[in-house]
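Scroll down for the structure; my scribbles are underneath it.
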Amino acid sequence: MKDAQPKTIYLKDYRSPDFLIDKTDLHVVLTDDVTCVTATLQVRRNPATENKQAPLVLNGQDMILKDVSIDGCPVQNSQYVLSPETLTINEVPDAFALKTVCEIKPQENTSLEGLYRSRTMYCTQCEAEGFRKITYYLDRPDVLSEFTTTIVADKAQFPVLLSNGNLIDKGELDNGQHFASWHDPFKKPAYLFALVAGDLSVIEDTFVTCSNRTIDLKIFVEEKDLDKCDHAMASLKNAMRWDEEVYGREYDLDIFMIVAVDDFNMGAMENKGLNIFNTSCVLAKPETTTDMGFQRVEGVVAHEYFHNWSGNRVTCRDWFQLSLKEGFTVFRDAEFSADMGSRTVKRVEDVSLLRTLQFAEDAGPMAHPVRPPSFIEISNFYTLTVYEKGAEVVRMIHTLLGAEKFRQGSDLYFERHDGEAATIENFVAAMEDASGRDLSQFTRWYSQAGTPRITAKDSYDEASGIYQLTLTQSCPDTPEATTEEKQPFHIPVAIGLLGDAGNLAIHLQGTEPDHDTPDNTHKVLELTQAEQTFSFEKLPERPIPVLLRGFSAPVKLEFDYSREQLTAIMSRDDDGYSRWDACQKLAVAVIHDAMQAYRSGQPYIVDTLLAEAYRTILNDSSLDQAMVALMLQLPSEAYLSEIADVVDVEAIHFARQDVRKQLAVALEAELLHTYNSLTGKDKPFSTSAEAVAERSLKNIALSYLVHGEASSALALAQQQLQSATNMTDEISALSVLVNSDSEAAPAMAQQALADFFTRWQHEALVVNQWLVAQANCVLPEGLERVKTLMQHEAFDIKNPNKVRSLIGAFCNNNAINFHHADGAGYEFLADQIITLNELNPQIAARQLTPLTKWRKYDESRQALMCKALERILAEPALSKDVYEVVSKSLK
Ligand code: 0A1
Ligand code: ZN
């Protein structure tokens, strides 16, 4: 290990900084060999700190310190102490100018943290603690400073030089060098600093704000990608308008820039005025980008833009507060996407992700509350829990307060804390003060880990027309606390009561009717006790309870529905999410039957209830096609694994495949009709919700048809592959061919893969989709295919997108191959982690996730997975990132 004993950092140990840095002046000279960073910091003691004699301790890593002076006088060697992670200067005045000169080598930085080189450009990634790899600094989010940055570089190689804020100077220097100086008038923590130098092309536009200021918008990309920026630009302008209209937030600088880079650890980064994006989250055009890709670009562009207020203007006091900016911003971007496209589809997709992956995180060894109490490496806590569950927590506040009070709360929060580093308590207090509601019990959502379980039981008395619903809550053990130690959550449970003809009016005993719902057909119950009974009166018939409408809380809710009740909700409820959820429940029940039969070696015939429900949906032309497409998708293997006590890899895979095949055969005529009715329409390409729904339904129909081996299906797929004018249709056809186990398929798939590569080899993001399609292929010999692809010119282990596309896709989405009983998949992943640990610890730690779930598997797999983890742990030079995940997993 790098440090003998990696230190755990605790929230309870938070102390305000001993020093503040009012101004930060950076002078960065980029040359092929070394980069020289001269930093001049205006430092003063923090008046709020107790220790007036404290030494100045700056963070710094992987740098060579060439010079250090205070107020122009050199600091002697004896006056400071250098450690691998700090520079300590013992006796310093109360206020002074500190100048340091450091040398770094961005071209050797494969961690993609700090300043690094990606292809032909230099760029930075400073969140969470990357700035300390650029210069010695107080690298913590509660130290806010006014930055001025001058960049010097060779003009021919790096004509574009960017940093945060406004360009204040530029000019030519000797020897073909040039410089640019940027000044950011808004104080910010170092994690929001950015610098870019490269030979970049730009598309430009403007946005006029609500107070009539004109903002210059610029997207910088490599020249070959100029034709893929329009969607990001349109998304940015939509996001700017939406934030004004929905949150009253206006943009503050006169310029907003986005830069696309190929090598990036995450999706994108919200650096002040200079967002840096993974190319996969900014570039899009129909020929190369799927509908999912377009939606991702729209969502991520908006997310980063929204951070300008929720994250930058009001930032986090410390990294334990990460969800303060991330949970809130994910909630904001989800609502934006819902407003731009289909609200139901967006909700279903988000809930599906949460229930599959975040619930699994909550049930695993890395489980942590939305605000973790401790960490070894903060990079490991950019998790689904902090982001997606954090967003659900904000959504629950929105549900409890209502839209209007929530907006008042958000206004108050921004007003109170503008220019400050805030805490989750500050956010909740603003919501409480604006609404008059007491959220003290609610804050347990921030401090207790695990997915709460609610059990619902009901009874109906025909004579009195009274219907009773009893809800019981509990929360399973997690690493921080046992189920007994956990306190009841404050849970908004949105409900509807479904009668024979539709949704019934709800009269909850002892309350006034809701103002929000004049027809009174839905209601938000507030569950605060371990057990609570709710009584409803005036019910003319026994209703079917529709619970957790819109997924009003991130919980697992159990109610003993009959299959007939589920089909009733599926066809009659007026909440799209609830109809989808009922359909999933029915499909899960059917697949569970099929798994049972698989295990006992018996044949299984699919419940006609599901087949007929699907038939009805396919035949009903009045239905929203997006809804039909959503309902036809069977629960994923990952979801089936999450809800299992012990994952039966083979039973899940083969039973699900069998159910799909039987449905495809039973519904062949309807599927073919659906497919044909949606094919060959000569409409211009559009990313509207309707057009996306049509493509999605068409491609699901195709995948069923091919899976069911309908006689014309392979030909249809091939025809679609050849005539496709957009990547959604093209990659869908390729994927169904690649996964088909019918006799003629392998030869066709081989040819199709080769042709596809020839056609798209110069488009990195398309080649990545080609890697994913093969990594996800469920036919036998999956690992061999992946190993062969790792030798392909298209693969590069230093590029995170390629690692995610090949290794990540295989290990996370291809269970039947990755979890092969011989354990070869686990050994393979361990080998990759060991290689990545040295190159890029953040990516290495993230790729570990599938191995951390070992407790969910049978004994033999458990042993093999642990063996792989132990082999990683025995490595002599483990990064903090990998050490934390492996050691916590083995505990
Ligand atoms: N704040 C960014 C995500 C991000 C986080 C960490 C990074 O490097 C470790 C990079 C980006 C966001 O939420 O979009
Ligand atoms: Zn974010």
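We label chains A, B, ... in the order they appear in the structure tokens, count residues from 1 in each chain, and number ligands from 1 in the order shown.
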
For ligand 1, collect every residue having any atom at a distance of at most 9 Å from a ligand atom (counting only C-alpha atoms and all ligand atoms); output as number ranges by chain. A: 112-113, 125-130, 264-271, 276-277, 300, 303-304, 307, 311, 322, 325-326, 329-330, 378-380, 382, 387, 842

Those residues with C-alpha atoms, as a CSV table (one decimal), in the first residue's frame please?
```csv
chain,number,residue,atom,x,y,z
A,112,LEU,CA,-7.0,11.4,-15.0
A,113,GLU,CA,-7.0,13.5,-11.7
A,125,GLN,CA,-10.2,17.2,-13.2
A,126,CYS,CA,-10.0,18.6,-9.7
A,127,GLU,CA,-13.1,17.2,-7.9
A,128,ALA,CA,-12.8,15.9,-5.3
A,129,GLU,CA,-9.1,16.2,-4.4
A,130,GLY,CA,-7.3,16.6,-7.7
A,264,PHE,CA,-12.5,11.2,-18.5
A,265,ASN,CA,-13.2,9.2,-15.3
A,266,MET,CA,-16.9,10.3,-15.0
A,267,GLY,CA,-19.6,11.8,-17.1
A,268,ALA,CA,-18.8,15.5,-16.8
A,269,MET,CA,-17.6,18.2,-14.4
A,270,GLU,CA,-19.2,21.5,-13.4
A,271,ASN,CA,-16.1,23.7,-13.1
A,276,ILE,CA,-15.4,19.6,-18.9
A,277,PHE,CA,-17.3,16.7,-20.5
A,300,VAL,CA,-25.8,15.6,-18.2
A,303,HIS,CA,-27.0,18.5,-14.6
A,304,GLU,CA,-23.7,20.3,-15.0
A,307,HIS,CA,-24.6,22.9,-10.6
A,311,GLY,CA,-22.9,23.3,-6.1
A,322,LEU,CA,-21.7,15.6,-1.3
A,325,LYS,CA,-25.1,19.3,-4.3
A,326,GLU,CA,-25.5,15.9,-6.1
A,329,THR,CA,-28.9,18.5,-8.8
A,330,VAL,CA,-29.9,15.0,-9.9
A,378,ILE,CA,-13.8,10.2,-1.2
A,379,SER,CA,-13.7,9.1,-4.8
A,380,ASN,CA,-15.4,5.9,-3.8
A,382,TYR,CA,-19.6,9.2,-5.9
A,387,TYR,CA,-26.6,10.7,-6.3
A,842,GLN,CA,-10.7,5.5,-9.5
```

Residue list (helix (DSSP H, G or I), DSSP) for segment 422-582 of chain A, as number ranges by chain: A: 424-435, 444-447, 563-572, 576-582

Store the residues picked out above, limited to C-alpha atoms, as a PDB file, in the first residue's frame.
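again-v1.pdb, freshly written:
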```
ATOM      1  CA  ILE A 424     -27.312  19.289   4.499  1.00  0.00           C
ATOM      2  CA  GLU A 425     -28.709  20.778   7.741  1.00  0.00           C
ATOM      3  CA  ASN A 426     -28.712  24.199   6.048  1.00  0.00           C
ATOM      4  CA  PHE A 427     -30.746  22.808   3.152  1.00  0.00           C
ATOM      5  CA  VAL A 428     -33.270  21.071   5.378  1.00  0.00           C
ATOM      6  CA  ALA A 429     -33.552  24.143   7.630  1.00  0.00           C
ATOM      7  CA  ALA A 430     -34.402  26.332   4.631  1.00  0.00           C
ATOM      8  CA  MET A 431     -37.093  23.862   3.576  1.00  0.00           C
ATOM      9  CA  GLU A 432     -38.489  23.786   7.130  1.00  0.00           C
ATOM     10  CA  ASP A 433     -38.421  27.554   7.566  1.00  0.00           C
ATOM     11  CA  ALA A 434     -40.125  28.218   4.254  1.00  0.00           C
ATOM     12  CA  SER A 435     -42.841  25.633   4.785  1.00  0.00           C
ATOM     13  CA  ARG A 444     -32.963  10.056   9.227  1.00  0.00           C
ATOM     14  CA  TRP A 445     -32.966   9.510   5.461  1.00  0.00           C
ATOM     15  CA  TYR A 446     -29.563  11.216   5.471  1.00  0.00           C
ATOM     16  CA  SER A 447     -28.039   9.257   8.340  1.00  0.00           C
ATOM     17  CA  ARG A 563     -52.223 -11.812 -10.473  1.00  0.00           C
ATOM     18  CA  GLU A 564     -55.703 -10.619 -11.442  1.00  0.00           C
ATOM     19  CA  GLN A 565     -55.298  -7.553  -9.248  1.00  0.00           C
ATOM     20  CA  LEU A 566     -51.993  -6.802 -10.970  1.00  0.00           C
ATOM     21  CA  THR A 567     -53.548  -7.000 -14.428  1.00  0.00           C
ATOM     22  CA  ALA A 568     -56.327  -4.709 -13.217  1.00  0.00           C
ATOM     23  CA  ILE A 569     -53.788  -2.078 -12.121  1.00  0.00           C
ATOM     24  CA  MET A 570     -51.853  -2.593 -15.363  1.00  0.00           C
ATOM     25  CA  SER A 571     -54.844  -1.825 -17.499  1.00  0.00           C
ATOM     26  CA  ARG A 572     -56.881   0.591 -15.415  1.00  0.00           C
ATOM     27  CA  GLY A 576     -48.224   5.307 -15.703  1.00  0.00           C
ATOM     28  CA  TYR A 577     -45.529   4.361 -13.228  1.00  0.00           C
ATOM     29  CA  SER A 578     -47.966   2.176 -11.237  1.00  0.00           C
ATOM     30  CA  ARG A 579     -49.164   0.419 -14.386  1.00  0.00           C
ATOM     31  CA  TRP A 580     -45.575  -0.373 -15.329  1.00  0.00           C
ATOM     32  CA  ASP A 581     -44.788  -1.518 -11.790  1.00  0.00           C
ATOM     33  CA  ALA A 582     -47.790  -3.858 -11.716  1.00  0.00           C
TER      34      ALA A 582
END
```

Find the spatial neighbours of segment 225-238 of chain A, counting only C-alpha atoms, within a cut-off of 7 Å - ignore same-chain residues fewer than 4 positions away - and output them as a ChimeraX atom specification. /A:207,221,242,282-285,297-298,301-302

For Ala391 of chain A: contacts at 10 Å, only C-alpha atoms, fewer than 4 positions along chain excluded, given as a count of residues only: 21

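Minimum atom-to-atom distances from A:Thr315, A:Thr120, A:Thr40, A:Asn166 to ligand 2 were compared using only C-alpha atoms and all ligand atoms, and the lowest value belongs to A:Thr315.
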